[in-house]
Amino acid sequence: MKKWKAYPVNFRIGAVITGIMLLLIVIGFFYTPYNPTAMDNSAKLAAPGLRHIMGCDNFGRDIFSRVLKGMGNTFLIALATVVIGVVCGTVVGAFTGYYGGWLDEVLMRVNDVVFAFPSILLALVFVSIFGTGKYNVVLALGIAFIPSFARIVRGEFIKYRDMDYVKSARLAGVSNLRIIFVHILPNTLTVMLSSVMIGFNNAVLAEAGMSYLGIGVQPPDASLGSMLSEAQTYLFSAPNYAVFPGLMIILMVLGFSLLADGIKER
Amino acid sequence: MEDLLLEIKDLNIEFHDHDAPERVVSGLSMRLNRGEILGIVGESGSGKSMTAMAIAGLLRRHDMKISGEIYFEGTEILHAGRSELRRLQGDDIGIIFQEPMTSLNPVKKIGWQVEESLRIHRPQLSREQRYALAIECLKSVELDEPEVIYKKYPHELSGGMRQRVMTASAMICDPRLLIADEPTTALDVTIQLQIVKLLQKLNREKNTSILFISHDLSLVRKLCGRILVMHDGRVVEEGDSHEIFTHPRQAYTKELIGAIPRMEKLQQF
């Protein structure tokens, strides 16, 4: 293990921010100060104070509790999106990059079509066919994320497929599948890691956008995006309603970006 | 007495990735006996590496045209299917590449890479047996402390050590043919000699035939019994190593031999 000081500054800051965010998310799964969906008429739009450290929303629900739950929801949706995008993107990219030829042509053109399609629009199409809800949003965003990962992985495979060690593996009689997943794939991990982190950021923002449009997490469940969307009516009377969820989105994205930068520099 | 291992008949390799087809090997025929070390010499672009790749079955087929026949122990391998090649490859043919920097996978430990052929061709071996074989093989290429090297990554080794590891992983299944495609070009002179001596030792002890491809004539002269001189994709001259160096018949061979730097000449400066 390297000494903490040996890592670049942005990596360290990013790690701290991400660490705190993850801690809050984990806490939010097991404990929130108030029930995040319980309404309290006497505390409508309460200002931040000792009882409610982030204040209350228009139904008198504790914003801090809702932020904790909402971060968890946003995080899980972003994670699931990235996992779908990375797994499918890696498989598509690996096969097209390694084999080339007509397979590459066909899959990459399909890829281009998905790539050219705006992800918000794709999500809207999905939701209008399958209904609202976070699983449909995850699916739609995940599919929208496949092409960018596929391109990155494909580029890496094209770079590595003619390396001497791949040739000697082929000569040793190693099967193509084993060459792809055991010999070449680990080489692409560094590039994948930073693009996964950037992809995760985009997914956080995309989820917030979806929920803001009202097609993601459905009320009374909280997500950072849906809270922002509810808060905009009260932007002037209760700015804390919008500021805290917004701040959490910023911190989550910032933490991961710095971490990704730091990893690239290392 | 003749004990034929490899025979190439009228091998032609053409590239079709540009407008006009480009012929890199034309009408090459050669024979390699069991236990023999054959040198292929020629300048860059003379087609010697392409020939090696064709024997190893490593040519990507869609943008090139290959014709001719390659017999390995009587079996035609140039047009053989992938499954037949897989059985043969690694088990019977090993290869060492020119660039020790790229011939080992940077993210895998040395031991894992040396053992890879065993995993494919000797699946019945246990983990311990594989380990024992790998250590023995690393020892046979004269690497000190094979147990330590086994656990290292390629970037922790020097070029010469990597080339030895490469040799070990090519030799672990006791192949009958070892193709050495300019194995010494990227190394400095003292290490070159060590690698050549190592190849000689392996040839002697395991009776492995070696196809030694190089443009370094002085090394070829030390190592090989027979030499094939290539120029522009053709075999210009073929014969006993001593014969060729003392009585070259072709003008091109004479030029090549004349190009070897000699101490006496250098001292005039």
# chains A, B, ... in the order shown; residues from 1 in each chain; ligands from 1

call {"tool": "interface_residues", "arguments": {"of": "chain B", "to": "chain A", "cutoff": "8 Å", "atoms": "only C-alpha atoms", "output": "PyMOL selection string"}}
result
chain B and resi 56-58+85-91+93-95+97+99+102-107+116-117+120

call {"tool": "residues_around", "arguments": {"residues": "region 49-62 of chain A", "least_positions_apart": "2", "cutoff": "9 Å", "atoms": "only C-alpha atoms", "output": "number ranges by chain"}}
result
A: 33-47, 64-67, 230-231, 234, 238, 240-241, 244

call {"tool": "select_by_dssp", "arguments": {"residues": "region 201-243 of chain B", "states": "strand (DSSP E)", "output": "PDB file with N, CA and C atoms, in the first residue's frame"}}
result
ATOM      1  N   SER B 209      14.240 -28.587 -32.999  1.00  0.00           N
ATOM      2  CA  SER B 209      14.683 -27.885 -34.211  1.00  0.00           C
ATOM      3  C   SER B 209      14.431 -26.396 -34.020  1.00  0.00           C
ATOM      4  N   ILE B 210      15.359 -25.589 -34.508  1.00  0.00           N
ATOM      5  CA  ILE B 210      15.181 -24.147 -34.338  1.00  0.00           C
ATOM      6  C   ILE B 210      15.247 -23.461 -35.694  1.00  0.00           C
ATOM      7  N   LEU B 211      14.274 -22.593 -35.920  1.00  0.00           N
ATOM      8  CA  LEU B 211      14.297 -21.748 -37.104  1.00  0.00           C
ATOM      9  C   LEU B 211      14.714 -20.382 -36.617  1.00  0.00           C
ATOM     10  N   PHE B 212      15.940 -20.002 -36.892  1.00  0.00           N
ATOM     11  CA  PHE B 212      16.493 -18.778 -36.331  1.00  0.00           C
ATOM     12  C   PHE B 212      16.490 -17.698 -37.407  1.00  0.00           C
ATOM     13  N   ILE B 213      15.662 -16.683 -37.175  1.00  0.00           N
ATOM     14  CA  ILE B 213      15.532 -15.628 -38.164  1.00  0.00           C
ATOM     15  C   ILE B 213      16.291 -14.413 -37.673  1.00  0.00           C
ATOM     16  N   SER B 214      17.156 -13.880 -38.503  1.00  0.00           N
ATOM     17  CA  SER B 214      17.968 -12.770 -38.022  1.00  0.00           C
ATOM     18  C   SER B 214      18.544 -11.999 -39.198  1.00  0.00           C
ATOM     19  N   ARG B 226      22.859 -24.650 -41.115  1.00  0.00           N
ATOM     20  CA  ARG B 226      22.488 -24.385 -42.492  1.00  0.00           C
ATOM     21  C   ARG B 226      21.842 -23.009 -42.558  1.00  0.00           C
ATOM     22  N   ILE B 227      22.023 -22.345 -43.679  1.00  0.00           N
ATOM     23  CA  ILE B 227      21.524 -20.974 -43.803  1.00  0.00           C
ATOM     24  C   ILE B 227      20.713 -20.801 -45.082  1.00  0.00           C
ATOM     25  N   LEU B 228      19.663 -20.002 -44.953  1.00  0.00           N
ATOM     26  CA  LEU B 228      18.838 -19.635 -46.096  1.00  0.00           C
ATOM     27  C   LEU B 228      18.968 -18.128 -46.239  1.00  0.00           C
ATOM     28  N   VAL B 229      19.402 -17.655 -47.382  1.00  0.00           N
ATOM     29  CA  VAL B 229      19.504 -16.209 -47.559  1.00  0.00           C
ATOM     30  C   VAL B 229      18.299 -15.738 -48.355  1.00  0.00           C
ATOM     31  N   MET B 230      17.571 -14.766 -47.821  1.00  0.00           N
ATOM     32  CA  MET B 230      16.376 -14.273 -48.525  1.00  0.00           C
ATOM     33  C   MET B 230      16.571 -12.835 -48.962  1.00  0.00           C
ATOM     34  N   HIS B 231      15.987 -12.527 -50.106  1.00  0.00           N
ATOM     35  CA  HIS B 231      16.020 -11.160 -50.607  1.00  0.00           C
ATOM     36  C   HIS B 231      14.773 -10.929 -51.444  1.00  0.00           C
ATOM     37  N   ARG B 234      12.387 -13.867 -51.971  1.00  0.00           N
ATOM     38  CA  ARG B 234      12.870 -15.087 -52.614  1.00  0.00           C
ATOM     39  C   ARG B 234      14.072 -15.646 -51.869  1.00  0.00           C
ATOM     40  N   VAL B 235      14.255 -16.938 -52.010  1.00  0.00           N
ATOM     41  CA  VAL B 235      15.464 -17.535 -51.467  1.00  0.00           C
ATOM     42  C   VAL B 235      16.576 -17.306 -52.481  1.00  0.00           C
ATOM     43  N   VAL B 236      17.616 -16.595 -52.051  1.00  0.00           N
ATOM     44  CA  VAL B 236      18.701 -16.290 -52.967  1.00  0.00           C
ATOM     45  C   VAL B 236      19.730 -17.404 -52.954  1.00  0.00           C
ATOM     46  N   GLU B 237      19.985 -17.886 -51.754  1.00  0.00           N
ATOM     47  CA  GLU B 237      21.009 -18.907 -51.639  1.00  0.00           C
ATOM     48  C   GLU B 237      20.728 -19.773 -50.422  1.00  0.00           C
ATOM     49  N   GLU B 238      21.065 -21.026 -50.532  1.00  0.00           N
ATOM     50  CA  GLU B 238      20.821 -21.925 -49.418  1.00  0.00           C
ATOM     51  C   GLU B 238      21.989 -22.872 -49.317  1.00  0.00           C
ATOM     52  N   GLY B 239      22.404 -23.146 -48.092  1.00  0.00           N
ATOM     53  CA  GLY B 239      23.492 -24.097 -47.981  1.00  0.00           C
ATOM     54  C   GLY B 239      24.105 -24.162 -46.611  1.00  0.00           C
ATOM     55  N   ASP B 240      25.150 -24.971 -46.529  1.00  0.00           N
ATOM     56  CA  ASP B 240      25.888 -25.142 -45.295  1.00  0.00           C
ATOM     57  C   ASP B 240      26.455 -23.791 -44.854  1.00  0.00           C
TER      58      ASP B 240
END

call {"tool": "residues_around", "arguments": {"residues": "Glu36 (chain B)", "least_positions_apart": "4", "cutoff": "10 Å", "atoms": "only C-alpha atoms", "output": "MDAnalysis selection string"}}
result
chainID B and resid 3:5 32 177 203:204 207:211 224:226

call {"tool": "residues_around", "arguments": {"residues": "Val16 (chain A)", "least_positions_apart": "6", "cutoff": "12 Å", "atoms": "only C-alpha atoms", "output": "ChimeraX atom specification"}}
result
/A:4,9-10,22-23,251-252,254-256,258-259

call {"tool": "select_by_dssp", "arguments": {"residues": "region 80-184 of chain A", "states": "alpha helix (DSSP H)", "output": "PyMOL selection string"}}
result
chain A and resi 80-99+101-116+119-130+134-160+164-171+176-178

call {"tool": "closest_residue", "arguments": {"among": "B:Ile70, B:Ile149, B:Ala80, B:Ala259", "to": "Arg31 (chain B)", "atoms": "only C-alpha atoms"}}
result
B:Ile70

call {"tool": "residues_around", "arguments": {"residues": "Lys222 (chain B)", "least_positions_apart": "5", "cutoff": "12 Å", "atoms": "only C-alpha atoms", "output": "ChimeraX atom specification"}}
result
/B:37-39,192-197,199-200,212,216-217,227,241-242,245

call {"tool": "write_last_selection", "arguments": {"atoms": "N, CA, C and O atoms", "output": "compact mmCIF listing (two decimals), in the first residue's frame"}}
result
# COMPACT_ATOMS: atom_id res chain seq x y z
N ILE B 37 19.37 -26.67 -36.67
CA ILE B 37 19.15 -25.23 -36.52
C ILE B 37 19.34 -24.58 -37.88
O ILE B 37 20.43 -24.63 -38.46
N LEU B 38 18.25 -24.02 -38.40
CA LEU B 38 18.32 -23.38 -39.71
C LEU B 38 18.23 -21.88 -39.53
O LEU B 38 17.36 -21.38 -38.82
N GLY B 39 19.16 -21.17 -40.15
CA GLY B 39 19.12 -19.71 -40.07
C GLY B 39 18.48 -19.13 -41.32
O GLY B 39 18.73 -19.60 -42.42
N GLN B 192 22.89 -10.85 -26.30
CA GLN B 192 22.65 -11.58 -27.56
C GLN B 192 23.37 -12.92 -27.54
O GLN B 192 22.79 -13.96 -27.83
N LEU B 193 24.63 -12.85 -27.15
CA LEU B 193 25.44 -14.06 -27.15
C LEU B 193 24.90 -15.09 -26.16
O LEU B 193 24.84 -16.28 -26.45
N GLN B 194 24.44 -14.58 -24.99
CA GLN B 194 23.88 -15.49 -23.99
C GLN B 194 22.65 -16.20 -24.53
O GLN B 194 22.47 -17.40 -24.33
N ILE B 195 21.78 -15.44 -25.21
CA ILE B 195 20.56 -16.03 -25.75
C ILE B 195 20.92 -17.09 -26.79
O ILE B 195 20.34 -18.18 -26.83
N VAL B 196 21.88 -16.76 -27.64
CA VAL B 196 22.30 -17.73 -28.67
C VAL B 196 22.82 -19.00 -28.02
O VAL B 196 22.48 -20.12 -28.43
N LYS B 197 23.63 -18.83 -26.97
CA LYS B 197 24.14 -20.02 -26.28
C LYS B 197 23.02 -20.83 -25.66
O LYS B 197 23.04 -22.06 -25.65
N LEU B 199 19.91 -21.00 -26.74
CA LEU B 199 19.21 -21.73 -27.81
C LEU B 199 20.00 -22.97 -28.20
O LEU B 199 19.43 -24.05 -28.40
N GLN B 200 21.33 -22.80 -28.28
CA GLN B 200 22.18 -23.95 -28.62
C GLN B 200 22.02 -25.07 -27.60
O GLN B 200 21.90 -26.24 -27.95
N PHE B 212 15.94 -20.00 -36.89
CA PHE B 212 16.49 -18.78 -36.33
C PHE B 212 16.49 -17.70 -37.41
O PHE B 212 17.20 -17.80 -38.40
N ASP B 216 21.45 -10.59 -38.31
CA ASP B 216 22.79 -10.51 -37.76
C ASP B 216 23.60 -11.74 -38.19
O ASP B 216 23.47 -12.82 -37.64
N LEU B 217 24.41 -11.54 -39.22
CA LEU B 217 25.09 -12.69 -39.83
C LEU B 217 26.08 -13.35 -38.89
O LEU B 217 26.26 -14.57 -38.93
N ILE B 227 22.02 -22.34 -43.68
CA ILE B 227 21.52 -20.97 -43.80
C ILE B 227 20.71 -20.80 -45.08
O ILE B 227 21.02 -21.39 -46.12
N SER B 241 26.34 -23.53 -43.55
CA SER B 241 26.75 -22.24 -43.02
C SER B 241 28.20 -21.90 -43.37
O SER B 241 28.52 -20.82 -43.85
N HIS B 242 29.07 -22.86 -43.15
CA HIS B 242 30.49 -22.63 -43.42
C HIS B 242 30.73 -22.34 -44.90
O HIS B 242 31.43 -21.40 -45.27
N PHE B 245 29.60 -18.79 -45.88
CA PHE B 245 30.46 -17.71 -45.43
C PHE B 245 31.81 -17.69 -46.13
O PHE B 245 32.39 -16.64 -46.36

call {"tool": "residues_around", "arguments": {"residues": "Glu76 (chain B)", "least_positions_apart": "2", "cutoff": "12 Å", "atoms": "only C-alpha atoms", "output": "VMD selection string"}}
result
chain B and resid 5 to 9 55 57 68 to 74 78 to 81 84 to 85 88

call {"tool": "atom_distance", "arguments": {"atom1": "CA of Gln232 (chain A)", "atom2": "CA of Gly246 (chain A)"}}
result
11.2 Å

call {"tool": "residues_around", "arguments": {"residues": "Glu14 (chain B)", "least_positions_apart": "6", "cutoff": "6 Å", "atoms": "only C-alpha atoms", "output": "list in words"}}
result
Glu22, Arg23, Val24, Met64 and Lys65 of chain B

call {"tool": "atom_distance", "arguments": {"atom1": "CA of Ser67 (chain B)", "atom2": "CA of Ser49 (chain B)"}}
result
16.5 Å

call {"tool": "decode", "arguments": {"residues": "region 176-190 of chain B", "atoms": "all heavy atoms", "output": "PDB file, in the first residue's frame"}}
result
ATOM      1  N   ARG B 176       8.598 -29.427 -30.827  1.00  0.00           N
ATOM      2  CA  ARG B 176       9.622 -29.978 -31.695  1.00  0.00           C
ATOM      3  C   ARG B 176      10.265 -28.908 -32.571  1.00  0.00           C
ATOM      4  O   ARG B 176      11.334 -29.078 -33.096  1.00  0.00           O
ATOM      5  CB  ARG B 176       9.029 -31.087 -32.556  1.00  0.00           C
ATOM      6  CG  ARG B 176       9.159 -32.417 -31.865  1.00  0.00           C
ATOM      7  CD  ARG B 176       8.229 -33.419 -32.421  1.00  0.00           C
ATOM      8  NE  ARG B 176       6.873 -33.168 -31.936  1.00  0.00           N
ATOM      9  CZ  ARG B 176       5.877 -34.014 -32.079  1.00  0.00           C
ATOM     10  NH1 ARG B 176       6.066 -35.141 -32.700  1.00  0.00           N
ATOM     11  NH2 ARG B 176       4.690 -33.743 -31.603  1.00  0.00           N
ATOM     12  N   LEU B 177       9.500 -27.782 -32.715  1.00  0.00           N
ATOM     13  CA  LEU B 177      10.053 -26.691 -33.520  1.00  0.00           C
ATOM     14  C   LEU B 177       9.968 -25.395 -32.740  1.00  0.00           C
ATOM     15  O   LEU B 177       8.914 -25.044 -32.198  1.00  0.00           O
ATOM     16  CB  LEU B 177       9.270 -26.555 -34.829  1.00  0.00           C
ATOM     17  CG  LEU B 177       9.572 -25.330 -35.687  1.00  0.00           C
ATOM     18  CD1 LEU B 177      11.003 -25.356 -36.192  1.00  0.00           C
ATOM     19  CD2 LEU B 177       8.610 -25.222 -36.854  1.00  0.00           C
ATOM     20  N   LEU B 178      11.070 -24.687 -32.665  1.00  0.00           N
ATOM     21  CA  LEU B 178      11.076 -23.375 -32.033  1.00  0.00           C
ATOM     22  C   LEU B 178      11.396 -22.334 -33.097  1.00  0.00           C
ATOM     23  O   LEU B 178      12.422 -22.424 -33.767  1.00  0.00           O
ATOM     24  CB  LEU B 178      12.117 -23.327 -30.911  1.00  0.00           C
ATOM     25  CG  LEU B 178      12.198 -22.017 -30.124  1.00  0.00           C
ATOM     26  CD1 LEU B 178      10.932 -21.810 -29.312  1.00  0.00           C
ATOM     27  CD2 LEU B 178      13.411 -22.015 -29.221  1.00  0.00           C
ATOM     28  N   ILE B 179      10.477 -21.391 -33.285  1.00  0.00           N
ATOM     29  CA  ILE B 179      10.729 -20.315 -34.230  1.00  0.00           C
ATOM     30  C   ILE B 179      11.232 -19.116 -33.451  1.00  0.00           C
ATOM     31  O   ILE B 179      10.561 -18.632 -32.553  1.00  0.00           O
ATOM     32  CB  ILE B 179       9.439 -19.937 -34.982  1.00  0.00           C
ATOM     33  CG1 ILE B 179       8.894 -21.146 -35.736  1.00  0.00           C
ATOM     34  CG2 ILE B 179       9.701 -18.782 -35.935  1.00  0.00           C
ATOM     35  CD1 ILE B 179       7.503 -20.929 -36.290  1.00  0.00           C
ATOM     36  N   ALA B 180      12.425 -18.670 -33.768  1.00  0.00           N
ATOM     37  CA  ALA B 180      12.973 -17.504 -33.077  1.00  0.00           C
ATOM     38  C   ALA B 180      13.037 -16.363 -34.084  1.00  0.00           C
ATOM     39  O   ALA B 180      13.900 -16.332 -34.945  1.00  0.00           O
ATOM     40  CB  ALA B 180      14.348 -17.830 -32.518  1.00  0.00           C
ATOM     41  N   ASP B 181      12.081 -15.445 -33.985  1.00  0.00           N
ATOM     42  CA  ASP B 181      11.983 -14.360 -34.957  1.00  0.00           C
ATOM     43  C   ASP B 181      12.782 -13.160 -34.461  1.00  0.00           C
ATOM     44  O   ASP B 181      12.292 -12.366 -33.676  1.00  0.00           O
ATOM     45  CB  ASP B 181      10.499 -13.996 -35.147  1.00  0.00           C
ATOM     46  CG  ASP B 181      10.313 -12.983 -36.267  1.00  0.00           C
ATOM     47  OD1 ASP B 181      11.311 -12.650 -36.930  1.00  0.00           O
ATOM     48  OD2 ASP B 181       9.174 -12.529 -36.460  1.00  0.00           O
ATOM     49  N   GLU B 182      13.996 -13.058 -34.885  1.00  0.00           N
ATOM     50  CA  GLU B 182      14.927 -12.016 -34.459  1.00  0.00           C
ATOM     51  C   GLU B 182      14.924 -11.867 -32.928  1.00  0.00           C
ATOM     52  O   GLU B 182      14.672 -10.780 -32.408  1.00  0.00           O
ATOM     53  CB  GLU B 182      14.565 -10.680 -35.102  1.00  0.00           C
ATOM     54  CG  GLU B 182      14.412 -10.820 -36.603  1.00  0.00           C
ATOM     55  CD  GLU B 182      14.772  -9.537 -37.327  1.00  0.00           C
ATOM     56  OE1 GLU B 182      15.435  -8.688 -36.718  1.00  0.00           O
ATOM     57  OE2 GLU B 182      14.406  -9.415 -38.498  1.00  0.00           O
ATOM     58  N   PRO B 183      15.228 -12.934 -32.227  1.00  0.00           N
ATOM     59  CA  PRO B 183      15.097 -12.864 -30.763  1.00  0.00           C
ATOM     60  C   PRO B 183      16.156 -11.986 -30.123  1.00  0.00           C
ATOM     61  O   PRO B 183      16.028 -11.619 -28.970  1.00  0.00           O
ATOM     62  CB  PRO B 183      15.282 -14.320 -30.329  1.00  0.00           C
ATOM     63  CG  PRO B 183      16.126 -14.919 -31.383  1.00  0.00           C
ATOM     64  CD  PRO B 183      15.764 -14.233 -32.667  1.00  0.00           C
ATOM     65  N   THR B 184      17.189 -11.653 -30.864  1.00  0.00           N
ATOM     66  CA  THR B 184      18.301 -10.931 -30.239  1.00  0.00           C
ATOM     67  C   THR B 184      18.393  -9.475 -30.679  1.00  0.00           C
ATOM     68  O   THR B 184      19.205  -8.722 -30.160  1.00  0.00           O
ATOM     69  CB  THR B 184      19.641 -11.613 -30.596  1.00  0.00           C
ATOM     70  OG1 THR B 184      19.762 -11.633 -32.022  1.00  0.00           O
ATOM     71  CG2 THR B 184      19.692 -13.018 -30.064  1.00  0.00           C
ATOM     72  N   THR B 185      17.552  -9.076 -31.629  1.00  0.00           N
ATOM     73  CA  THR B 185      17.716  -7.756 -32.238  1.00  0.00           C
ATOM     74  C   THR B 185      17.587  -6.616 -31.228  1.00  0.00           C
ATOM     75  O   THR B 185      18.288  -5.616 -31.322  1.00  0.00           O
ATOM     76  CB  THR B 185      16.686  -7.583 -33.362  1.00  0.00           C
ATOM     77  OG1 THR B 185      16.779  -8.708 -34.205  1.00  0.00           O
ATOM     78  CG2 THR B 185      16.947  -6.338 -34.153  1.00  0.00           C
ATOM     79  N   ALA B 186      16.670  -6.786 -30.249  1.00  0.00           N
ATOM     80  CA  ALA B 186      16.428  -5.679 -29.323  1.00  0.00           C
ATOM     81  C   ALA B 186      17.340  -5.731 -28.101  1.00  0.00           C
ATOM     82  O   ALA B 186      17.186  -4.942 -27.192  1.00  0.00           O
ATOM     83  CB  ALA B 186      14.960  -5.688 -28.890  1.00  0.00           C
ATOM     84  N   LEU B 187      18.279  -6.668 -28.107  1.00  0.00           N
ATOM     85  CA  LEU B 187      19.119  -6.828 -26.917  1.00  0.00           C
ATOM     86  C   LEU B 187      20.530  -6.328 -27.188  1.00  0.00           C
ATOM     87  O   LEU B 187      20.959  -6.226 -28.332  1.00  0.00           O
ATOM     88  CB  LEU B 187      19.181  -8.314 -26.530  1.00  0.00           C
ATOM     89  CG  LEU B 187      17.837  -8.984 -26.311  1.00  0.00           C
ATOM     90  CD1 LEU B 187      18.032 -10.477 -26.145  1.00  0.00           C
ATOM     91  CD2 LEU B 187      17.133  -8.399 -25.107  1.00  0.00           C
ATOM     92  N   ASP B 188      21.264  -6.034 -26.121  1.00  0.00           N
ATOM     93  CA  ASP B 188      22.636  -5.601 -26.374  1.00  0.00           C
ATOM     94  C   ASP B 188      23.554  -6.813 -26.563  1.00  0.00           C
ATOM     95  O   ASP B 188      23.177  -7.952 -26.316  1.00  0.00           O
ATOM     96  CB  ASP B 188      23.141  -4.635 -25.297  1.00  0.00           C
ATOM     97  CG  ASP B 188      23.155  -5.254 -23.931  1.00  0.00           C
ATOM     98  OD1 ASP B 188      23.755  -6.339 -23.811  1.00  0.00           O
ATOM     99  OD2 ASP B 188      22.563  -4.670 -23.007  1.00  0.00           O
ATOM    100  N   VAL B 189      24.767  -6.534 -27.026  1.00  0.00           N
ATOM    101  CA  VAL B 189      25.595  -7.579 -27.627  1.00  0.00           C
ATOM    102  C   VAL B 189      25.910  -8.740 -26.692  1.00  0.00           C
ATOM    103  O   VAL B 189      25.835  -9.903 -27.073  1.00  0.00           O
ATOM    104  CB  VAL B 189      26.898  -6.967 -28.177  1.00  0.00           C
ATOM    105  CG1 VAL B 189      27.736  -8.019 -28.878  1.00  0.00           C
ATOM    106  CG2 VAL B 189      26.561  -5.846 -29.132  1.00  0.00           C
ATOM    107  N   THR B 190      26.236  -8.437 -25.428  1.00  0.00           N
ATOM    108  CA  THR B 190      26.586  -9.527 -24.514  1.00  0.00           C
ATOM    109  C   THR B 190      25.383 -10.431 -24.258  1.00  0.00           C
ATOM    110  O   THR B 190      25.513 -11.652 -24.210  1.00  0.00           O
ATOM    111  CB  THR B 190      27.093  -8.974 -23.160  1.00  0.00           C
ATOM    112  OG1 THR B 190      26.173  -7.985 -22.716  1.00  0.00           O
ATOM    113  CG2 THR B 190      28.460  -8.381 -23.296  1.00  0.00           C
TER     114      THR B 190
END
